[in-house]
file start_13.cif (mmCIF, C-alpha atoms)
data_model
#
loop_
_atom_site.label_atom_id
_atom_site.label_comp_id
_atom_site.auth_asym_id
_atom_site.auth_seq_id
_atom_site.Cartn_x
_atom_site.Cartn_y
_atom_site.Cartn_z
CA MET A 297 -16.16 -73.33 -41.91
CA HIS A 298 -16.06 -71.13 -38.80
CA HIS A 299 -18.85 -72.74 -36.76
CA GLU A 300 -18.87 -70.14 -33.98
CA HIS A 301 -19.29 -67.31 -36.50
CA SER A 302 -21.99 -69.31 -38.30
CA ASP A 303 -23.97 -69.61 -35.06
CA VAL A 304 -23.68 -65.88 -34.40
CA LEU A 305 -24.61 -65.08 -38.00
CA MET A 306 -27.73 -67.23 -37.64
CA GLU A 307 -28.73 -65.58 -34.34
CA VAL A 308 -28.20 -62.03 -35.60
CA THR A 309 -30.11 -62.67 -38.83
CA VAL A 310 -33.09 -64.25 -37.06
CA GLU A 311 -33.21 -61.38 -34.54
CA THR A 312 -32.84 -58.66 -37.17
CA LEU A 313 -35.49 -60.01 -39.54
CA GLU A 314 -37.90 -60.32 -36.64
CA GLN A 315 -37.25 -56.91 -35.11
CA LEU A 316 -36.86 -54.98 -38.35
CA ALA A 317 -39.51 -56.59 -40.54
CA PHE A 318 -41.61 -58.90 -38.32
CA ILE A 319 -40.39 -61.84 -40.39
CA PHE A 320 -39.91 -65.09 -38.53
CA SER A 321 -37.19 -67.38 -39.81
CA PHE A 322 -35.90 -70.80 -38.85
CA ALA A 323 -32.71 -72.76 -39.42
CA ASP A 324 -32.92 -74.62 -42.70
CA ASP A 325 -30.79 -77.71 -43.45
CA VAL A 326 -31.98 -78.30 -47.03
CA ASP A 327 -29.64 -78.33 -50.01
CA PRO A 328 -28.20 -74.77 -50.21
CA ASP A 329 -28.27 -74.88 -54.02
CA ALA A 330 -32.06 -75.41 -54.00
CA ILE A 331 -32.60 -71.68 -53.50
CA TRP A 332 -31.56 -71.09 -57.11
CA ALA A 333 -34.54 -73.09 -58.39
CA GLU A 334 -36.65 -69.96 -57.89
CA SER A 335 -35.90 -66.30 -58.48
CA VAL A 336 -33.32 -64.99 -55.99
CA THR A 337 -32.24 -61.45 -55.12
CA SER A 338 -28.66 -61.04 -53.89
CA CYS A 339 -27.13 -58.24 -51.87
CA HIS A 340 -23.52 -57.83 -50.76
CA VAL A 341 -21.77 -55.58 -48.27
CA THR A 342 -18.06 -55.21 -47.56
CA PHE A 343 -16.38 -54.05 -44.39
CA ASN A 344 -12.89 -53.23 -43.12
CA GLY A 345 -11.22 -52.08 -39.94
CA HIS A 346 -10.71 -54.54 -37.07
CA ALA A 347 -11.36 -57.29 -39.62
CA GLN A 348 -12.08 -57.11 -43.31
CA GLY A 349 -14.35 -59.09 -45.54
CA GLY A 350 -17.88 -59.23 -46.83
CA LEU A 351 -21.36 -60.49 -46.13
CA LEU A 352 -23.58 -61.81 -48.91
CA MET A 353 -27.33 -62.24 -48.48
CA LEU A 354 -29.52 -64.24 -50.84
CA ILE A 355 -33.27 -64.11 -50.44
CA SER A 356 -36.06 -65.66 -52.46
CA SER A 357 -37.48 -62.83 -54.54
CA ALA A 358 -40.95 -63.93 -53.42
CA ALA A 359 -40.07 -62.83 -49.87
CA LEU A 360 -38.92 -59.34 -50.82
CA PRO A 361 -42.36 -57.65 -51.05
CA GLU A 362 -43.20 -58.79 -47.50
CA LEU A 363 -39.81 -57.66 -46.20
CA ALA A 364 -40.22 -54.19 -47.68
CA ALA A 365 -43.93 -53.85 -46.87
CA ASN A 366 -43.36 -54.79 -43.23
CA MET A 367 -40.44 -52.40 -42.87
CA LEU A 368 -42.54 -49.61 -44.38
CA GLY A 369 -45.65 -50.50 -42.36
CA LEU A 370 -47.83 -51.03 -45.43
CA GLU A 371 -51.07 -52.98 -45.49
CA GLU A 372 -50.97 -56.63 -46.55
CA ASP A 373 -52.34 -55.97 -50.03
CA GLU A 374 -49.91 -53.12 -50.74
CA ALA A 375 -46.76 -54.09 -52.65
CA PRO A 376 -43.91 -51.58 -52.61
CA PRO A 377 -42.17 -50.81 -55.92
CA VAL A 378 -39.15 -52.94 -56.84
CA ASP A 379 -36.63 -50.18 -56.08
CA GLN A 380 -38.01 -49.90 -52.54
CA GLN A 381 -37.86 -53.68 -52.17
CA LYS A 382 -34.17 -53.57 -53.06
CA ASP A 383 -33.62 -50.60 -50.75
CA ALA A 384 -35.27 -52.59 -47.94
CA LEU A 385 -32.97 -55.56 -48.59
CA GLN A 386 -29.91 -53.30 -48.59
CA GLU A 387 -30.99 -51.77 -45.28
CA ALA A 388 -31.74 -55.19 -43.76
CA LEU A 389 -28.27 -56.43 -44.73
CA ASN A 390 -26.73 -53.24 -43.38
CA VAL A 391 -28.42 -53.83 -40.02
CA ILE A 392 -27.44 -57.51 -39.95
CA CYS A 393 -23.80 -56.64 -40.70
CA GLY A 394 -23.79 -53.78 -38.20
CA ASN A 395 -25.04 -56.07 -35.45
CA LEU A 396 -22.89 -59.03 -36.46
CA LEU A 397 -19.46 -57.39 -36.43
CA PRO A 398 -19.42 -56.24 -32.77
CA ARG A 399 -20.61 -59.73 -31.77
CA ILE A 400 -17.59 -61.19 -33.58
CA GLY A 401 -14.97 -58.52 -32.93
CA GLY A 402 -16.13 -57.03 -29.63
CA VAL A 403 -17.69 -53.63 -28.90
CA GLU A 404 -14.32 -51.87 -28.79
CA ALA A 405 -13.52 -52.94 -32.36
CA VAL A 406 -13.99 -50.29 -35.05
CA PHE A 407 -15.39 -51.32 -38.43
CA ASP A 408 -16.25 -49.34 -41.54
CA ILE A 409 -19.22 -50.82 -43.36
CA GLN A 410 -19.74 -49.84 -47.00
CA LYS A 411 -23.15 -49.35 -48.58
CA PRO A 412 -24.70 -52.72 -49.55
CA GLN A 413 -25.00 -53.39 -53.27
CA ILE A 414 -27.46 -55.55 -55.20
CA LEU A 415 -25.64 -58.29 -57.15
CA GLU A 416 -26.48 -60.28 -60.25
CA ALA A 417 -26.95 -64.02 -59.68
CA GLU A 418 -23.72 -65.04 -61.41
CA ALA A 419 -21.68 -62.57 -59.36
CA ALA A 420 -23.28 -63.90 -56.20
CA LYS A 421 -22.50 -67.51 -57.13
CA ALA A 422 -18.87 -66.59 -57.85
CA LEU A 423 -18.62 -64.81 -54.51
CA ILE A 424 -19.95 -67.86 -52.64
CA LYS A 425 -17.25 -70.02 -54.25
CA GLU A 426 -14.60 -67.46 -53.36
CA TYR A 427 -15.78 -67.28 -49.73
CA GLN A 428 -15.93 -71.08 -49.44
CA SER A 429 -12.34 -71.32 -50.66
CA ASP A 430 -11.22 -69.79 -47.35
CA PRO A 431 -12.48 -72.28 -44.74
CA GLN A 432 -10.93 -70.39 -41.80
CA GLY A 433 -12.78 -67.17 -42.52
CA TYR A 434 -15.96 -68.58 -43.99
CA ALA A 435 -19.30 -68.82 -42.17
CA SER A 436 -22.86 -69.29 -43.37
CA ALA A 437 -26.47 -69.40 -42.22
CA PHE A 438 -29.40 -70.92 -44.08
CA LEU A 439 -32.89 -69.90 -43.05
CA SER A 440 -36.41 -70.86 -44.00
CA LEU A 441 -39.01 -68.09 -44.36
CA ASP A 442 -42.76 -68.16 -44.92
CA GLU A 443 -42.10 -67.16 -48.53
CA GLY A 444 -38.95 -69.04 -49.55
CA GLU A 445 -35.46 -69.00 -48.14
CA CYS A 446 -32.70 -66.72 -47.00
CA GLN A 447 -28.98 -67.47 -47.01
CA LEU A 448 -26.06 -65.54 -45.55
CA TYR A 449 -22.39 -66.06 -46.45
CA LEU A 450 -19.67 -64.35 -44.43
CA ARG A 451 -15.98 -64.03 -45.10
CA SER A 452 -13.93 -62.34 -42.44
CA THR A 453 -10.13 -62.15 -42.22
CA MET B 153 -46.76 -28.51 -29.53
CA PRO B 154 -46.14 -30.43 -32.77
CA LEU B 155 -42.53 -31.44 -33.30
CA ASN B 156 -40.94 -30.54 -36.64
CA VAL B 157 -38.47 -33.30 -37.49
CA LEU B 158 -35.70 -33.58 -40.07
CA ILE B 159 -34.81 -37.17 -41.04
CA VAL B 160 -31.41 -37.60 -42.71
CA ASP B 161 -30.72 -41.07 -44.13
CA ASP B 162 -29.66 -42.26 -47.58
CA SER B 163 -32.24 -45.07 -47.47
CA SER B 164 -35.78 -43.95 -48.32
CA VAL B 165 -37.06 -47.12 -46.63
CA MET B 166 -35.26 -46.27 -43.39
CA ARG B 167 -36.57 -42.68 -43.51
CA ALA B 168 -40.10 -44.06 -43.89
CA MET B 169 -39.50 -46.50 -41.02
CA ILE B 170 -38.29 -43.74 -38.72
CA ILE B 171 -41.29 -41.54 -39.56
CA LYS B 172 -43.66 -44.47 -38.99
CA THR B 173 -41.96 -45.30 -35.69
CA ILE B 174 -42.10 -41.71 -34.41
CA ARG B 175 -45.83 -41.63 -35.25
CA MET B 176 -46.29 -44.97 -33.42
CA SER B 177 -44.50 -43.58 -30.38
CA GLY B 178 -47.43 -41.22 -29.80
CA LEU B 179 -45.50 -37.97 -30.26
CA ASP B 180 -47.29 -35.03 -31.85
CA LEU B 181 -45.50 -34.80 -35.20
CA GLY B 182 -45.59 -31.54 -37.16
CA GLU B 183 -43.68 -31.00 -40.39
CA VAL B 184 -41.39 -33.81 -41.50
CA TYR B 185 -38.42 -32.89 -43.68
CA GLN B 186 -36.27 -35.51 -45.38
CA ALA B 187 -32.72 -35.48 -46.69
CA GLY B 188 -30.60 -38.19 -48.34
CA ASN B 189 -27.17 -37.12 -47.06
CA GLY B 190 -25.50 -34.79 -44.59
CA GLN B 191 -25.18 -31.85 -46.99
CA GLU B 192 -28.88 -32.00 -47.89
CA GLY B 193 -29.59 -32.32 -44.17
CA LEU B 194 -27.61 -29.16 -43.37
CA ASP B 195 -29.42 -27.28 -46.14
CA ALA B 196 -32.80 -28.46 -44.85
CA ALA B 197 -31.93 -27.55 -41.24
CA ARG B 198 -30.86 -24.05 -42.32
CA GLY B 199 -33.91 -23.49 -44.52
CA ASN B 200 -36.69 -24.72 -42.23
CA TRP B 201 -37.86 -24.49 -38.65
CA VAL B 202 -36.67 -27.82 -37.24
CA ASP B 203 -37.08 -28.98 -33.61
CA LEU B 204 -35.27 -32.30 -33.90
CA VAL B 205 -32.78 -33.94 -36.28
CA VAL B 206 -32.67 -37.71 -36.68
CA ALA B 207 -29.65 -38.79 -38.73
CA ASP B 208 -27.75 -41.84 -39.91
CA ILE B 209 -23.93 -41.91 -39.87
CA ASN B 210 -22.89 -43.71 -43.07
CA MET B 211 -24.13 -41.62 -45.99
CA PRO B 212 -22.66 -40.45 -49.30
CA VAL B 213 -21.51 -36.85 -50.00
CA MET B 214 -21.37 -35.90 -46.30
CA ASN B 215 -21.70 -38.42 -43.48
CA GLY B 216 -23.75 -37.88 -40.35
CA GLU B 217 -20.84 -37.08 -38.04
CA GLU B 218 -19.53 -34.41 -40.46
CA MET B 219 -23.03 -32.94 -40.66
CA ILE B 220 -23.19 -32.80 -36.85
CA ASP B 221 -19.78 -31.08 -36.70
CA HIS B 222 -21.02 -28.44 -39.17
CA MET B 223 -24.16 -27.98 -37.08
CA LYS B 224 -22.12 -27.54 -33.89
CA ALA B 225 -20.06 -24.86 -35.65
CA ASP B 226 -23.18 -22.95 -36.72
CA PRO B 227 -24.64 -20.80 -33.91
CA GLU B 228 -28.14 -21.20 -35.41
CA LEU B 229 -27.94 -25.01 -35.30
CA ALA B 230 -25.47 -25.73 -32.50
CA ASN B 231 -28.14 -26.52 -29.90
CA LEU B 232 -30.55 -28.39 -32.18
CA PRO B 233 -31.44 -31.70 -30.48
CA THR B 234 -30.01 -34.53 -32.57
CA ILE B 235 -30.44 -38.28 -32.51
CA VAL B 236 -28.22 -40.63 -34.48
CA ILE B 237 -29.86 -43.89 -35.54
CA SER B 238 -27.23 -46.22 -36.91
CA THR B 239 -25.90 -49.75 -37.08
CA GLU B 240 -22.63 -48.45 -35.59
CA GLY B 241 -21.42 -50.92 -32.98
CA SER B 242 -18.10 -49.41 -31.92
CA ALA B 243 -18.23 -48.14 -28.34
CA THR B 244 -15.42 -45.71 -29.21
CA ARG B 245 -17.41 -44.05 -31.97
CA ILE B 246 -20.65 -44.03 -29.98
CA GLU B 247 -18.91 -42.36 -27.02
CA ARG B 248 -17.41 -39.76 -29.37
CA LEU B 249 -20.90 -38.88 -30.62
CA GLU B 250 -22.34 -38.79 -27.12
CA ARG B 251 -19.61 -36.36 -26.04
CA LYS B 252 -21.01 -34.01 -28.70
CA GLY B 253 -24.40 -34.13 -26.99
CA ILE B 254 -25.88 -36.59 -29.46
CA LYS B 255 -28.32 -39.31 -28.41
CA PHE B 256 -27.43 -42.62 -30.04
CA ILE B 257 -29.97 -45.30 -31.03
CA HIS B 258 -28.86 -48.61 -32.44
CA LYS B 259 -30.73 -50.23 -35.36
CA PRO B 260 -33.08 -52.03 -35.17
CA PHE B 261 -35.11 -49.80 -32.85
CA THR B 262 -38.54 -49.75 -31.26
CA PRO B 263 -41.11 -46.93 -30.88
CA GLU B 264 -40.41 -46.94 -27.13
CA ILE B 265 -36.68 -46.33 -27.63
CA ILE B 266 -37.43 -43.48 -30.06
CA ARG B 267 -40.01 -41.96 -27.70
CA ASP B 268 -37.72 -42.18 -24.66
CA SER B 269 -34.77 -40.73 -26.55
CA ILE B 270 -36.80 -37.79 -27.84
CA HIS B 271 -38.15 -37.20 -24.33
CA ALA B 272 -34.64 -37.31 -22.88
CA LEU B 273 -33.37 -34.80 -25.43
CA THR B 274 -36.28 -32.37 -25.69
CA GLY B 275 -38.54 -33.02 -22.70
CA ILE B 276 -41.36 -33.57 -25.19
CA GLY B 277 -43.57 -36.63 -24.82
CA ASP B 278 -44.26 -38.87 -21.86
CA SER B 279 -41.49 -41.42 -21.43
CA ASN B 280 -43.78 -43.51 -19.20
CA ALA B 281 -46.62 -43.75 -21.72
CA SER B 282 -47.23 -47.28 -22.99
#

call {"tool": "encode", "arguments": {"input": "start_13.cif", "output": "structure tokens"}}
result
Amino acid sequence: MHHEHSDVLMEVTVETLEQLAFIFSFADDVDPDAIWAESVTSCHVTFNGHAQGGLLMLISSAALPELAANMLGLEEDEAPPVDQQKDALQEALNVICGNLLPRIGGVEAVFDIQKPQILEAEAAKALIKEYQSDPQGYASAFLSLDEGECQLYLRST
Amino acid sequence: MPLNVLIVDDSSVMRAMIIKTIRMSGLDLGEVYQAGNGQEGLDAARGNWVDLVVADINMPVMNGEEMIDHMKADPELANLPTIVISTEGSATRIERLERKGIKFIHKPFTPEIIRDSIHALTGIGDSNAS
């Protein structure tokens, strides 16, 4: 586990969720596997350039309507359609990744970030195992939200 | 005078966010045109009266920087004020865009940053308004 990258990942995610979607999140030290007890939506982005790797974001599906509604500026009782909720998650992950990489690699480093993709649960679980198999390049952040949890898994080489 | 704006981003959520943020900034917004990639953006800029382009960089079909290069090569669009709103963090790439006369805004952004950038580019709006 790369502890320095994990700290930065935590900071960037907290800042991004707050600034982008007015969602306040806090460090969560519960069992990481507990998130799978409820419905989870997974999103993954890859990058290359100065470093290459990927960033996986899991979020309780119950938190997605608030994420999307806040980004879109909708009223509290308005729920965006599912495709917009997924689009909002993809954009949130894109912003997290875009802000994370210069903090890790420096502002002179050039990265190419691909478009984030929604993943099925089994693919996300397999990716977590793969990332964890590389302790040097692996980092993670576990956050508690009003509506569920959010987890980030980074692999950078 | 209302400002006609073209928003070019492959995320419909981000386009909606940018429109919402420009409205929140207090600017007088006229027509709003939307495009999902650089090619659609070029077509929209050529087919409509547009005062300002707000574009992302990473998009399918044609990215934002390619779209800007096409605009600069077109006498009708060469001087169209353009803002890039992106997650791009590389100082090298940002400087390259700025040398083309582009104003760069990093995501996430605030209404104040949008307002001040539009004011700096077009002279429209009061950059001191709260």

call {"tool": "resolve_selection", "arguments": {"input": "start_13.cif", "expression": "the PyMOL selection byres ((chain A) within 6 of (chain B))", "output": "list of chain:residue names"}}
result
A:Leu316, A:Leu368, A:Ala384, A:Val391, A:Gly394, A:Pro398, A:Val403, A:Glu404, A:Ala405, A:Val406

call {"tool": "resolve_selection", "arguments": {"input": "start_13.cif", "expression": "the PyMOL selection byres ((chain B and resi 215) around 12)", "output": "list in words"}}
result
Val160, Asp161, Asp162, Ala187, Gly188, Asn189, Gly190, Gln191, Glu192, Gly193, Leu194, Ala207, Asp208, Ile209, Asn210, Met211, Pro212, Val213, Met214, Gly216, Glu217, Glu218, Met219, Ile220, Asp221, His222, Val236 and Ser238 of chain B

call {"tool": "resolve_selection", "arguments": {"input": "start_13.cif", "expression": "the PyMOL selection byres ((chain A and resi 396) around 9)", "output": "ChimeraX atom specification"}}
result
/A:304-305,308-309,391-395,397-401 /B:241

call {"tool": "closest_residue", "arguments": {"input": "start_13.cif", "among": "B:Pro154, B:Gln186, B:Ile159, B:Ile235", "to": "Ile276 (chain B)", "atoms": "all atoms listed in the file"}}
result
B:Pro154

call {"tool": "axis_aligned_box", "arguments": {"input": "start_13.cif", "around": "region 318-324 of chain A", "padding_each_side": "6 Å", "output": "JSON"}}
result
{"center_x": -37.2, "center_y": -66.8, "center_z": -40.5, "size_x": 20.9, "size_y": 27.7, "size_z": 16.4}

call {"tool": "closest_residue", "arguments": {"input": "start_13.cif", "among": "B:Ala197, B:Ile174, B:Val202, B:Ile266", "to": "Asn156 (chain B)", "atoms": "only C-alpha atoms"}}
result
B:Val202

call {"tool": "residues_around", "arguments": {"input": "start_13.cif", "residues": "Leu273 (chain B)", "least_positions_apart": "2", "cutoff": "9 Å", "atoms": "all atoms listed in the file", "output": "PyMOL selection string"}}
result
chain B and resi 233-235+254-255+268-271+275-276

call {"tool": "atom_distance", "arguments": {"input": "start_13.cif", "atom1": "CA of Pro376 (chain A)", "atom2": "CA of Ser436 (chain A)"}}
result
29.0 Å

call {"tool": "atom_distance", "arguments": {"input": "start_13.cif", "atom1": "CA of Ala364 (chain A)", "atom2": "CA of Arg451 (chain A)"}}
result
26.3 Å

call {"tool": "closest_residue", "arguments": {"input": "start_13.cif", "among": "A:Ile319, A:Val378, A:Val336, A:Ile424", "to": "Leu363 (chain A)", "atoms": "only C-alpha atoms"}}
result
A:Ile319

call {"tool": "closest_residue", "arguments": {"input": "start_13.cif", "among": "B:Gly277, B:Gly199, B:Pro263, B:Gly178", "to": "Leu229 (chain B)", "atoms": "all atoms listed in the file"}}
result
B:Gly199

call {"tool": "atom_distance", "arguments": {"input": "start_13.cif", "atom1": "CA of Val326 (chain A)", "atom2": "CA of Ser452 (chain A)"}}
result
24.5 Å

call {"tool": "residues_around", "arguments": {"input": "start_13.cif", "residues": "Pro412 (chain A)", "least_positions_apart": "3", "cutoff": "10 Å", "atoms": "only C-alpha atoms", "output": "list in words"}}
result
Cys339, His340, Val341, Thr342, Phe343, Gly350, Leu351, Leu352, Met353, Asp383, Leu385, Gln386, Glu387, Ala388, Leu389, Asn390, Cys393, Ile409 and Leu415 of chain A

call {"tool": "residues_near_point", "arguments": {"input": "start_13.cif", "point": "(-16.8, -71.0, -39.9)", "cutoff": "12 Å", "atoms": "only C-alpha atoms", "output": "list in words"}}
result
Met297, His298, His299, Glu300, His301, Ser302, Asp303, Val304, Leu305, Met306, Ile400, Tyr427, Gln428, Ser429, Asp430, Pro431, Gln432, Gly433, Tyr434, Ala435, Ser436, Ala437, Tyr449, Leu450, Arg451, Ser452 and Thr453 of chain A

call {"tool": "residues_around", "arguments": {"input": "start_13.cif", "residues": "Ala417 (chain A)", "least_positions_apart": "6", "cutoff": "10 Å", "atoms": "only C-alpha atoms", "output": "MDAnalysis selection string"}}
result
chainID A and resid 332 335:339 354 423

call {"tool": "build_atoms", "arguments": {"input": "start_13.cif", "residues": "region 366-395 of chain A", "atoms": "N, CA and C atoms", "output": "CSV table (one decimal), keeping the file's coordinate frame"}}
result
chain,number,residue,atom,x,y,z
A,366,ASN,N,-43.4,-54.8,-44.7
A,366,ASN,CA,-43.4,-54.8,-43.2
A,366,ASN,C,-42.5,-53.7,-42.7
A,367,MET,N,-41.3,-53.5,-43.3
A,367,MET,CA,-40.4,-52.4,-42.9
A,367,MET,C,-41.1,-51.0,-43.0
A,368,LEU,N,-41.9,-50.9,-44.1
A,368,LEU,CA,-42.5,-49.6,-44.4
A,368,LEU,C,-43.9,-49.5,-43.6
A,369,GLY,N,-44.4,-50.6,-43.1
A,369,GLY,CA,-45.6,-50.5,-42.4
A,369,GLY,C,-46.8,-50.4,-43.3
A,370,LEU,N,-46.7,-51.1,-44.5
A,370,LEU,CA,-47.8,-51.0,-45.4
A,370,LEU,C,-48.8,-52.1,-45.1
A,371,GLU,N,-50.0,-52.0,-45.7
A,371,GLU,CA,-51.1,-53.0,-45.5
A,371,GLU,C,-50.7,-54.2,-46.3
A,372,GLU,N,-51.3,-55.4,-45.9
A,372,GLU,CA,-51.0,-56.6,-46.6
A,372,GLU,C,-51.1,-56.6,-48.1
A,373,ASP,N,-52.1,-55.9,-48.6
A,373,ASP,CA,-52.3,-56.0,-50.0
A,373,ASP,C,-51.5,-54.9,-50.8
A,374,GLU,N,-50.7,-54.2,-50.1
A,374,GLU,CA,-49.9,-53.1,-50.7
A,374,GLU,C,-48.5,-53.7,-51.0
A,375,ALA,N,-48.1,-53.6,-52.3
A,375,ALA,CA,-46.8,-54.1,-52.6
A,375,ALA,C,-45.9,-52.9,-53.0
A,376,PRO,N,-44.8,-52.7,-52.3
A,376,PRO,CA,-43.9,-51.6,-52.6
A,376,PRO,C,-43.3,-51.8,-54.0
A,377,PRO,N,-42.9,-50.7,-54.6
A,377,PRO,CA,-42.2,-50.8,-55.9
A,377,PRO,C,-40.8,-51.6,-55.8
A,378,VAL,N,-40.4,-52.1,-56.9
A,378,VAL,CA,-39.2,-52.9,-56.8
A,378,VAL,C,-37.9,-52.2,-56.3
A,379,ASP,N,-37.8,-50.9,-56.6
A,379,ASP,CA,-36.6,-50.2,-56.1
A,379,ASP,C,-36.7,-50.1,-54.6
A,380,GLN,N,-37.9,-49.9,-54.0
A,380,GLN,CA,-38.0,-49.9,-52.5
A,380,GLN,C,-37.8,-51.3,-51.9
A,381,GLN,N,-38.1,-52.3,-52.7
A,381,GLN,CA,-37.9,-53.7,-52.2
A,381,GLN,C,-36.4,-53.9,-52.1
A,382,LYS,N,-35.6,-53.4,-53.1
A,382,LYS,CA,-34.2,-53.6,-53.1
A,382,LYS,C,-33.5,-52.7,-52.0
A,383,ASP,N,-34.1,-51.5,-51.8
A,383,ASP,CA,-33.6,-50.6,-50.8
A,383,ASP,C,-33.8,-51.2,-49.4
A,384,ALA,N,-35.0,-51.9,-49.2
A,384,ALA,CA,-35.3,-52.6,-47.9
A,384,ALA,C,-34.3,-53.7,-47.7
A,385,LEU,N,-33.9,-54.5,-48.7
A,385,LEU,CA,-33.0,-55.6,-48.6
A,385,LEU,C,-31.6,-55.0,-48.2
A,386,GLN,N,-31.2,-53.9,-48.9
A,386,GLN,CA,-29.9,-53.3,-48.6
A,386,GLN,C,-29.9,-52.8,-47.1
A,387,GLU,N,-31.0,-52.2,-46.7
A,387,GLU,CA,-31.0,-51.8,-45.3
A,387,GLU,C,-31.0,-52.9,-44.3
A,388,ALA,N,-31.7,-54.0,-44.6
A,388,ALA,CA,-31.7,-55.2,-43.8
A,388,ALA,C,-30.3,-55.8,-43.6
A,389,LEU,N,-29.6,-55.9,-44.8
A,389,LEU,CA,-28.3,-56.4,-44.7
A,389,LEU,C,-27.3,-55.5,-44.0
A,390,ASN,N,-27.5,-54.2,-44.1
A,390,ASN,CA,-26.7,-53.2,-43.4
A,390,ASN,C,-26.9,-53.4,-41.9
A,391,VAL,N,-28.1,-53.7,-41.5
A,391,VAL,CA,-28.4,-53.8,-40.0
A,391,VAL,C,-27.9,-55.2,-39.5
A,392,ILE,N,-28.0,-56.2,-40.3
A,392,ILE,CA,-27.4,-57.5,-40.0
A,392,ILE,C,-25.9,-57.4,-39.8
A,393,CYS,N,-25.3,-56.8,-40.8
A,393,CYS,CA,-23.8,-56.6,-40.7
A,393,CYS,C,-23.4,-55.8,-39.5
A,394,GLY,N,-24.1,-54.7,-39.3
A,394,GLY,CA,-23.8,-53.8,-38.2
A,394,GLY,C,-23.9,-54.4,-36.8
A,395,ASN,N,-24.9,-55.4,-36.7
A,395,ASN,CA,-25.0,-56.1,-35.4
A,395,ASN,C,-24.1,-57.3,-35.3
